[in-house]
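Only one structure is covered here, and it is reproduced in the block below.
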Amino acid sequence: MTDPQPATGPRTDRPRPDADGPLPLLAVTLGDPVGIGPEITARTLADPATTALGRGLAVGDAAVLRRAVAVCGLDVEVNTVAAPGEARFEPGTIDVLDLAIAPADLPWGTVDAVAGRSAVAAIEAATRAALAGEVDGIVTSPINKEAIWAAGSEHLGHTEMLGELTGAAHFDTMFVVRGLKIFFTTRHLALRKALDQITEERVASSIRHAITALRVFGHDEPRLAVAAINPHGGEGGRFGDEEITVLRPAVEKAAAEGLGVVGPVPADSVFHQGLEGRFDGVLSHFHDQGHIPAKTVDFDGTVSVTVGLPILRTSVDHGTAFDIAGSGRASYATMAAAFRAAAGFSRFTGRIRAAYGTAAAR
């Protein structure tokens, strides 16, 4: 992650061209103060090409952001604010909602409880602002799980924390790469365990959630393909029977409910077909089945969106890169893509609230 040039964003995730009001306001968390989050946030919010699409408010420690600005050699001023409404959004200025937790002299690239506390506080502050309607969405920088655990957090990570903070009953990850949206039946599990959890009921439920997300994010008549699990789709059971016993019954059940779903489609072709425009989304079944094609096609342009929350949240899909933190070499391409995606998706905040508001989600 050393190329400083942002990649071209997903083809459908453009800012609101028909909006008469101001550009969307996005809260951008700094992530772990001693990882690359502050650097990629600073570069993104200092880039006129990015800020032409949305107003970005950094959320974290002003001292940490100023250190990142210096490391990156940026000619910008850091303006501290106490509330989103105080931000100026002037050229040559990065506004930051200052939490004043982490000092500027924390060692780069180390697990630190203070850094973890700052990262958690930034997520909490950005989420509160989104729930209150003070910002149109949040864009999150990477955090370090060991650091947030050292700070006392019991969450497995970002997404789980956001789920609790927003009261969401169910939430999923949606990847967006060049306009194609990729969903997951299972995620962070050993492959053997993941296969055991791929049941007809779980796949049918994942189909429904994916279709809902596609509708929320602009596809009024969504087309979803369900990926196969086994080579060649199982070859009629010769290479495995999950397509026959699990996937096809789930697809048929969902189709009978009037949902626009097909499959199972062999996994070695379904993502290509989706990128060609045959489908709006693909339901993959385990972590790498969806990650590998997305990141191979466009590593820097792949954006993670958390669906099921009553707020808009996009994120980079990489870690804190402690090995290069503080060097000023971290690429901000994925953060810029996540910011662009949030600016484009901000036009769906009404749909997001309607579909995933706490009462509706439960």
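All residue names refer to the structure tokens as shown: chains lettered A, B, ... in order, residues numbered from 1 in each chain, ligands numbered from 1 in order.
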
Near-A:Ala104 list (10 Å; only C-alpha atoms; drop same-chain fewer than 3 positions) as a PyMOL selection string: chain A and resi 33-34+61-68+101+107-108

A:Ser315 environment, 10 Å, only C-alpha atoms, sequence neighbours closer than 2 positions dropped, as an mmCIF file with C-alpha atoms, in the first residue's frame:
data_model
loop_
_atom_site.group_PDB
_atom_site.id
_atom_site.type_symbol
_atom_site.label_atom_id
_atom_site.label_comp_id
_atom_site.auth_asym_id
_atom_site.auth_seq_id
_atom_site.Cartn_x
_atom_site.Cartn_y
_atom_site.Cartn_z
ATOM 1 C CA VAL A 28 -14.244 10.250 8.756
ATOM 2 C CA THR A 29 -12.730 8.475 11.748
ATOM 3 C CA ILE A 138 -19.482 7.788 8.328
ATOM 4 C CA VAL A 139 -16.297 6.565 6.685
ATOM 5 C CA THR A 140 -14.037 4.532 8.935
ATOM 6 C CA SER A 141 -10.272 4.092 8.996
ATOM 7 C CA PRO A 142 -8.773 0.806 10.198
ATOM 8 C CA HIS A 158 -15.710 -2.292 13.978
ATOM 9 C CA PHE A 175 -18.510 -5.197 -0.916
ATOM 10 C CA THR A 302 -13.104 -2.273 -3.357
ATOM 11 C CA VAL A 303 -15.215 -0.629 -0.661
ATOM 12 C CA SER A 304 -16.859 -2.267 2.339
ATOM 13 C CA VAL A 305 -20.370 -1.087 3.243
ATOM 14 C CA THR A 306 -22.122 -2.245 6.394
ATOM 15 C CA ARG A 313 -21.150 3.439 6.863
ATOM 16 C CA ASP A 317 -10.974 -3.030 3.624
ATOM 17 C CA HIS A 318 -7.429 -3.204 4.900
ATOM 18 C CA THR A 334 -8.961 2.820 -0.747
ATOM 19 C CA MET A 335 -9.916 5.558 1.710
ATOM 20 C CA ALA A 336 -10.610 7.908 -1.199
ATOM 21 C CA ALA A 337 -12.756 5.190 -2.791
ATOM 22 C CA ALA A 338 -14.649 4.678 0.487
ATOM 23 C CA PHE A 339 -15.234 8.440 0.741
ATOM 24 C CA ALA A 341 -18.776 5.668 -2.274
ATOM 25 C CA ALA A 342 -20.243 7.272 0.847
#

8 Å contact set for A:Ile324, only C-alpha atoms, chain neighbours under 5 positions out, as an MDAnalysis selection string: chainID A and resid 36 109 329:330

Need to verify the contact set: A:Ala83, 12 Å, only C-alpha atoms, exclusion of same-chain residues closer than 5 positions in sequence. Can you return it as a JSON list (two decimals) with all heavy atoms, in the first residue's frame?
[["chain", "number", "residue", "atom", "x", "y", "z"],
["A", 27, "ALA", "N", -18.55, 12.02, 8.27],
["A", 27, "ALA", "CA", -17.61, 11.93, 9.38],
["A", 27, "ALA", "C", -16.60, 10.84, 9.07],
["A", 27, "ALA", "O", -16.97, 9.70, 8.80],
["A", 27, "ALA", "CB", -18.36, 11.61, 10.67],
["A", 57, "LEU", "N", -15.42, 15.61, 7.55],
["A", 57, "LEU", "CA", -15.07, 16.03, 8.91],
["A", 57, "LEU", "C", -14.30, 14.91, 9.58],
["A", 57, "LEU", "O", -14.85, 13.82, 9.81],
["A", 57, "LEU", "CB", -16.33, 16.36, 9.71],
["A", 57, "LEU", "CG", -16.13, 16.63, 11.21],
["A", 57, "LEU", "CD1", -15.32, 17.91, 11.43],
["A", 57, "LEU", "CD2", -17.49, 16.72, 11.92],
["A", 58, "ALA", "N", -13.02, 15.12, 9.85],
["A", 58, "ALA", "CA", -12.24, 14.12, 10.57],
["A", 58, "ALA", "C", -12.75, 14.01, 12.00],
["A", 58, "ALA", "O", -13.16, 15.01, 12.61],
["A", 58, "ALA", "CB", -10.76, 14.49, 10.56],
["A", 59, "VAL", "N", -12.71, 12.79, 12.54],
["A", 59, "VAL", "CA", -13.14, 12.57, 13.92],
["A", 59, "VAL", "C", -12.02, 11.80, 14.63],
["A", 59, "VAL", "O", -11.67, 10.69, 14.23],
["A", 59, "VAL", "CB", -14.45, 11.77, 14.00],
["A", 59, "VAL", "CG1", -14.87, 11.58, 15.46],
["A", 59, "VAL", "CG2", -15.56, 12.47, 13.21],
["A", 88, "ARG", "N", -15.66, 24.45, 9.03],
["A", 88, "ARG", "CA", -15.62, 25.51, 8.03],
["A", 88, "ARG", "C", -15.58, 24.96, 6.60],
["A", 88, "ARG", "O", -16.06, 25.59, 5.68],
["A", 88, "ARG", "CB", -14.39, 26.38, 8.27],
["A", 88, "ARG", "CG", -14.33, 27.00, 9.66],
["A", 88, "ARG", "CD", -13.33, 28.15, 9.72],
["A", 88, "ARG", "NE", -12.02, 27.79, 9.18],
["A", 88, "ARG", "CZ", -10.88, 27.92, 9.85],
["A", 88, "ARG", "NH1", -10.90, 28.35, 11.10],
["A", 88, "ARG", "NH2", -9.73, 27.63, 9.29],
["A", 95, "ASP", "N", -11.01, 20.06, 8.87],
["A", 95, "ASP", "CA", -11.73, 20.21, 10.13],
["A", 95, "ASP", "C", -11.72, 18.89, 10.88],
["A", 95, "ASP", "O", -11.93, 17.82, 10.28],
["A", 95, "ASP", "CB", -13.16, 20.64, 9.87],
["A", 95, "ASP", "CG", -13.24, 22.01, 9.20],
["A", 95, "ASP", "OD1", -12.94, 23.00, 9.87],
["A", 95, "ASP", "OD2", -13.60, 22.05, 8.00],
["A", 96, "VAL", "N", -11.52, 18.95, 12.19],
["A", 96, "VAL", "CA", -11.50, 17.73, 13.00],
["A", 96, "VAL", "C", -12.32, 17.94, 14.26],
["A", 96, "VAL", "O", -12.18, 18.95, 14.97],
["A", 96, "VAL", "CB", -10.06, 17.31, 13.35],
["A", 96, "VAL", "CG1", -9.30, 18.41, 14.08],
["A", 96, "VAL", "CG2", -10.05, 16.02, 14.17],
["A", 97, "LEU", "N", -13.20, 16.98, 14.52],
["A", 97, "LEU", "CA", -13.92, 16.93, 15.78],
["A", 97, "LEU", "C", -12.95, 16.35, 16.81],
["A", 97, "LEU", "O", -12.71, 15.14, 16.84],
["A", 97, "LEU", "CB", -15.17, 16.05, 15.63],
["A", 97, "LEU", "CG", -16.12, 15.98, 16.82],
["A", 97, "LEU", "CD1", -16.72, 17.33, 17.13],
["A", 97, "LEU", "CD2", -17.22, 14.96, 16.54],
["A", 98, "ASP", "N", -12.37, 17.22, 17.61],
["A", 98, "ASP", "CA", -11.23, 16.85, 18.46],
["A", 98, "ASP", "C", -11.69, 16.15, 19.73],
["A", 98, "ASP", "O", -12.47, 16.71, 20.52],
["A", 98, "ASP", "CB", -10.44, 18.12, 18.80],
["A", 98, "ASP", "CG", -9.17, 17.81, 19.58],
["A", 98, "ASP", "OD1", -8.71, 16.65, 19.53],
["A", 98, "ASP", "OD2", -8.64, 18.73, 20.22],
["A", 99, "LEU", "N", -11.18, 14.93, 19.95],
["A", 99, "LEU", "CA", -11.53, 14.17, 21.14],
["A", 99, "LEU", "C", -10.50, 14.33, 22.25],
["A", 99, "LEU", "O", -10.78, 13.98, 23.40],
["A", 99, "LEU", "CB", -11.67, 12.68, 20.77],
["A", 99, "LEU", "CG", -12.67, 12.37, 19.66],
["A", 99, "LEU", "CD1", -12.71, 10.88, 19.38],
["A", 99, "LEU", "CD2", -14.06, 12.89, 20.02],
["A", 125, "ALA", "N", -18.28, 8.72, 18.61],
["A", 125, "ALA", "CA", -18.65, 10.11, 18.31],
["A", 125, "ALA", "C", -19.23, 10.23, 16.90],
["A", 125, "ALA", "O", -20.24, 10.91, 16.69],
["A", 125, "ALA", "CB", -17.43, 11.02, 18.45],
["A", 126, "ALA", "N", -18.63, 9.56, 15.93],
["A", 126, "ALA", "CA", -19.13, 9.61, 14.56],
["A", 126, "ALA", "C", -20.51, 8.97, 14.46],
["A", 126, "ALA", "O", -21.40, 9.48, 13.76],
["A", 126, "ALA", "CB", -18.15, 8.91, 13.62],
["A", 128, "ARG", "N", -22.77, 8.69, 16.89],
["A", 128, "ARG", "CA", -23.75, 9.59, 17.51],
["A", 128, "ARG", "C", -24.16, 10.70, 16.55],
["A", 128, "ARG", "O", -25.34, 11.05, 16.45],
["A", 128, "ARG", "CB", -23.18, 10.19, 18.80],
["A", 128, "ARG", "CG", -23.14, 9.25, 19.99],
["A", 128, "ARG", "CD", -22.91, 10.02, 21.29],
["A", 128, "ARG", "NE", -21.65, 10.76, 21.27],
["A", 128, "ARG", "CZ", -20.49, 10.27, 21.70],
["A", 128, "ARG", "NH1", -20.43, 9.02, 22.16],
["A", 128, "ARG", "NH2", -19.39, 11.01, 21.67],
["A", 129, "ALA", "N", -23.18, 11.25, 15.86],
["A", 129, "ALA", "CA", -23.47, 12.34, 14.92],
["A", 129, "ALA", "C", -24.36, 11.85, 13.78],
["A", 129, "ALA", "O", -25.28, 12.55, 13.35],
["A", 129, "ALA", "CB", -22.17, 12.91, 14.37],
["A", 132, "ALA", "N", -27.91, 11.26, 15.01],
["A", 132, "ALA", "CA", -28.58, 12.54, 15.27],
["A", 132, "ALA", "C", -28.86, 13.31, 13.99],
["A", 132, "ALA", "O", -29.48, 14.38, 14.04],
["A", 132, "ALA", "CB", -27.73, 13.38, 16.21],
["A", 134, "GLU", "N", -26.60, 14.76, 12.19],
["A", 134, "GLU", "CA", -25.64, 15.86, 12.04],
["A", 134, "GLU", "C", -24.69, 15.61, 10.88],
["A", 134, "GLU", "O", -24.07, 16.55, 10.36],
["A", 134, "GLU", "CB", -24.84, 16.03, 13.33],
["A", 134, "GLU", "CG", -25.68, 16.43, 14.52],
["A", 134, "GLU", "CD", -24.88, 16.48, 15.81],
["A", 134, "GLU", "OE1", -24.03, 15.59, 16.03],
["A", 134, "GLU", "OE2", -25.08, 17.44, 16.58],
["A", 135, "VAL", "N", -24.52, 14.36, 10.48],
["A", 135, "VAL", "CA", -23.73, 14.00, 9.31],
["A", 135, "VAL", "C", -24.54, 13.02, 8.48],
["A", 135, "VAL", "O", -25.45, 12.35, 8.98],
["A", 135, "VAL", "CB", -22.36, 13.39, 9.69],
["A", 135, "VAL", "CG1", -21.53, 14.37, 10.50],
["A", 135, "VAL", "CG2", -22.54, 12.08, 10.46]]

Alpha helix (DSSP H) call set, DSSP backbone run, stretch 202-345 of chain A, as a PyMOL selection string: chain A and resi 202-216+242+248-256+267-275+287-298+333-345
